[in-house]
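Asker: Next up is a structure, given as structure tokens.
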Amino acid sequence: MFDLPYCVKCGVLIKENDKFCTVCGAAVPKFTREEFTVSGKNLVDRVGELLHEGNVTRVIVKNEVGKTLLEIPATVGVVGVVVAPWLAALGVVAALVANCHIVVERRE
């Protein structure tokens, strides 16, 4: 299943193959997805590194069977205090799982 992105200008849900937003007409940027497998003890550090890279738009944490545990929306410049509550929640998730998958969505 493909998780649909949102328009960066107006926030409306964008379909997978749309090139322009159907509401405001803004161009839809291309997104790429990467998936990493990490141990629970390394989860918080790895997600923190990914969020500080700058071109990450969303981080999805899934358990070993693929169920989404946490979805962290990220926008350019959102770090520090805004991300702190997400990392706290991520610490709880990390304590509950041995291994998990991190899906990283980046804007090209």
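A note on labels: chains of the structure tokens are A, B, ... as shown, every chain counts residues from 1, and ligands are counted from 1 in their shown order.
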I need the residues of chain A that end up classed as strand (DSSP E or B) by DSSP on the backbone, written out as JSON, numbers by chain.
Answerer: {"A": [6, 13, 20, 27, 31, 32, 33, 34, 35, 36, 37, 38, 39, 56, 57, 58, 59, 60, 61, 62, 68, 69, 70, 71, 72, 73, 99, 100, 101, 102, 103, 104, 105, 106, 107]}
Asker: May I have all residues of chain A that DSSP, computed from the backbone, assigns to alpha helix (DSSP H), given as a ChimeraX atom specification?
Answerer: /A:43-51,84-96
Asker: Restricted to all heavy atoms, what would the selected residues look like written as a compact mmCIF listing (two decimals), in the first residue's frame?
Answerer:
# COMPACT_ATOMS: atom_id res chain seq x y z
N LEU A 43 16.90 2.75 17.48
CA LEU A 43 15.81 3.40 16.78
C LEU A 43 15.80 4.92 16.95
O LEU A 43 15.74 5.67 15.98
CB LEU A 43 14.47 2.81 17.23
CG LEU A 43 13.21 3.39 16.61
CD1 LEU A 43 13.21 3.17 15.10
CD2 LEU A 43 11.98 2.77 17.23
N VAL A 44 15.86 5.40 18.17
CA VAL A 44 15.78 6.83 18.43
C VAL A 44 16.94 7.58 17.79
O VAL A 44 16.74 8.62 17.15
CB VAL A 44 15.72 7.12 19.95
CG1 VAL A 44 15.75 8.62 20.23
CG2 VAL A 44 14.47 6.50 20.56
N ASP A 45 18.14 7.04 17.90
CA ASP A 45 19.31 7.70 17.32
C ASP A 45 19.19 7.77 15.80
O ASP A 45 19.46 8.82 15.20
CB ASP A 45 20.60 6.96 17.69
CG ASP A 45 20.93 7.09 19.17
OD1 ASP A 45 20.45 8.06 19.80
OD2 ASP A 45 21.65 6.21 19.68
N ARG A 46 18.78 6.67 15.17
CA ARG A 46 18.69 6.64 13.70
C ARG A 46 17.62 7.59 13.18
O ARG A 46 17.84 8.32 12.21
CB ARG A 46 18.41 5.21 13.22
CG ARG A 46 18.42 5.07 11.73
CD ARG A 46 19.81 5.34 11.16
NE ARG A 46 19.78 5.17 9.73
CZ ARG A 46 20.23 6.06 8.86
NH1 ARG A 46 20.77 7.19 9.28
NH2 ARG A 46 20.16 5.85 7.58
N VAL A 47 16.46 7.62 13.83
CA VAL A 47 15.40 8.53 13.40
C VAL A 47 15.83 9.98 13.61
O VAL A 47 15.59 10.84 12.77
CB VAL A 47 14.07 8.23 14.13
CG1 VAL A 47 13.04 9.32 13.88
CG2 VAL A 47 13.52 6.88 13.67
N GLY A 48 16.51 10.27 14.70
CA GLY A 48 17.03 11.61 14.95
C GLY A 48 17.98 12.05 13.84
O GLY A 48 17.90 13.18 13.36
N GLU A 49 18.86 11.15 13.42
CA GLU A 49 19.79 11.46 12.32
C GLU A 49 19.03 11.76 11.04
O GLU A 49 19.34 12.71 10.32
CB GLU A 49 20.73 10.28 12.08
CG GLU A 49 21.72 10.02 13.17
CD GLU A 49 22.45 8.69 12.99
OE1 GLU A 49 22.25 8.02 11.95
OE2 GLU A 49 23.22 8.31 13.89
N LEU A 50 18.03 10.93 10.74
CA LEU A 50 17.25 11.11 9.51
C LEU A 50 16.52 12.44 9.50
O LEU A 50 16.48 13.14 8.49
CB LEU A 50 16.27 9.96 9.34
CG LEU A 50 16.89 8.60 9.03
CD1 LEU A 50 15.87 7.49 9.21
CD2 LEU A 50 17.46 8.59 7.63
N LEU A 51 15.91 12.81 10.62
CA LEU A 51 15.15 14.06 10.69
C LEU A 51 16.04 15.29 10.52
O LEU A 51 15.60 16.31 10.01
CB LEU A 51 14.38 14.15 12.00
CG LEU A 51 13.20 13.18 12.13
CD1 LEU A 51 12.62 13.24 13.53
CD2 LEU A 51 12.14 13.48 11.09
N ALA A 84 10.99 16.95 19.58
CA ALA A 84 11.21 16.33 20.88
C ALA A 84 10.06 15.43 21.34
O ALA A 84 10.32 14.32 21.81
CB ALA A 84 11.52 17.40 21.92
N PRO A 85 8.79 15.84 21.24
CA PRO A 85 7.71 14.93 21.66
C PRO A 85 7.66 13.65 20.83
O PRO A 85 7.36 12.58 21.35
CB PRO A 85 6.44 15.76 21.45
CG PRO A 85 6.89 17.17 21.42
CD PRO A 85 8.28 17.15 20.89
N TRP A 86 7.96 13.76 19.54
CA TRP A 86 7.98 12.57 18.68
C TRP A 86 9.09 11.62 19.11
O TRP A 86 8.89 10.41 19.14
CB TRP A 86 8.19 12.96 17.22
CG TRP A 86 7.03 13.66 16.62
CD1 TRP A 86 6.94 14.99 16.31
CD2 TRP A 86 5.77 13.10 16.24
NE1 TRP A 86 5.71 15.27 15.77
CE2 TRP A 86 4.97 14.13 15.72
CE3 TRP A 86 5.24 11.81 16.31
CZ2 TRP A 86 3.68 13.93 15.26
CZ3 TRP A 86 3.94 11.60 15.84
CH2 TRP A 86 3.18 12.65 15.32
N LEU A 87 10.24 12.15 19.44
CA LEU A 87 11.35 11.30 19.86
C LEU A 87 11.07 10.65 21.21
O LEU A 87 11.49 9.52 21.46
CB LEU A 87 12.65 12.10 19.90
CG LEU A 87 13.16 12.58 18.54
CD1 LEU A 87 14.45 13.38 18.69
CD2 LEU A 87 13.37 11.42 17.58
N ALA A 88 10.33 11.33 22.07
CA ALA A 88 9.94 10.73 23.35
C ALA A 88 9.01 9.54 23.10
O ALA A 88 9.16 8.47 23.71
CB ALA A 88 9.26 11.76 24.23
N ALA A 89 8.04 9.71 22.22
CA ALA A 89 7.13 8.61 21.87
C ALA A 89 7.91 7.48 21.21
O ALA A 89 7.62 6.30 21.44
CB ALA A 89 6.03 9.12 20.95
N LEU A 90 8.88 7.83 20.41
CA LEU A 90 9.70 6.85 19.74
C LEU A 90 10.50 6.02 20.74
O LEU A 90 10.71 4.83 20.55
CB LEU A 90 10.65 7.57 18.78
CG LEU A 90 11.33 6.75 17.72
CD1 LEU A 90 10.31 6.02 16.85
CD2 LEU A 90 12.19 7.65 16.85
N GLY A 91 10.92 6.65 21.83
CA GLY A 91 11.63 5.93 22.89
C GLY A 91 10.77 4.85 23.50
O GLY A 91 11.25 3.76 23.82
N VAL A 92 9.49 5.12 23.66
CA VAL A 92 8.55 4.12 24.19
C VAL A 92 8.41 2.97 23.20
O VAL A 92 8.45 1.80 23.59
CB VAL A 92 7.17 4.76 24.49
CG1 VAL A 92 6.16 3.70 24.86
CG2 VAL A 92 7.30 5.81 25.57
N VAL A 93 8.27 3.29 21.93
CA VAL A 93 8.16 2.26 20.89
C VAL A 93 9.43 1.40 20.89
O VAL A 93 9.36 0.18 20.82
CB VAL A 93 7.93 2.89 19.50
CG1 VAL A 93 8.07 1.86 18.40
CG2 VAL A 93 6.55 3.55 19.44
N ALA A 94 10.58 2.04 20.98
CA ALA A 94 11.86 1.32 20.95
C ALA A 94 11.97 0.34 22.10
O ALA A 94 12.56 -0.74 21.95
CB ALA A 94 13.02 2.32 20.99
N ALA A 95 11.41 0.68 23.25
CA ALA A 95 11.46 -0.21 24.40
C ALA A 95 10.58 -1.44 24.22
O ALA A 95 10.80 -2.46 24.86
CB ALA A 95 11.03 0.56 25.65
N LEU A 96 9.60 -1.35 23.33
CA LEU A 96 8.64 -2.44 23.15
C LEU A 96 8.98 -3.39 22.02
O LEU A 96 8.41 -4.48 21.95
CB LEU A 96 7.24 -1.85 22.92
CG LEU A 96 6.68 -1.00 24.05
CD1 LEU A 96 5.36 -0.38 23.63
CD2 LEU A 96 6.50 -1.85 25.31
Asker: Measuring between only C-alpha atoms, which one of A:Ala26, A:Ile102, A:Ile14, A:Cys7 shows the shortest distance to Lys62 in chain A?
Answerer: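 Nearest to Lys62 in chain A: A:Ile102.
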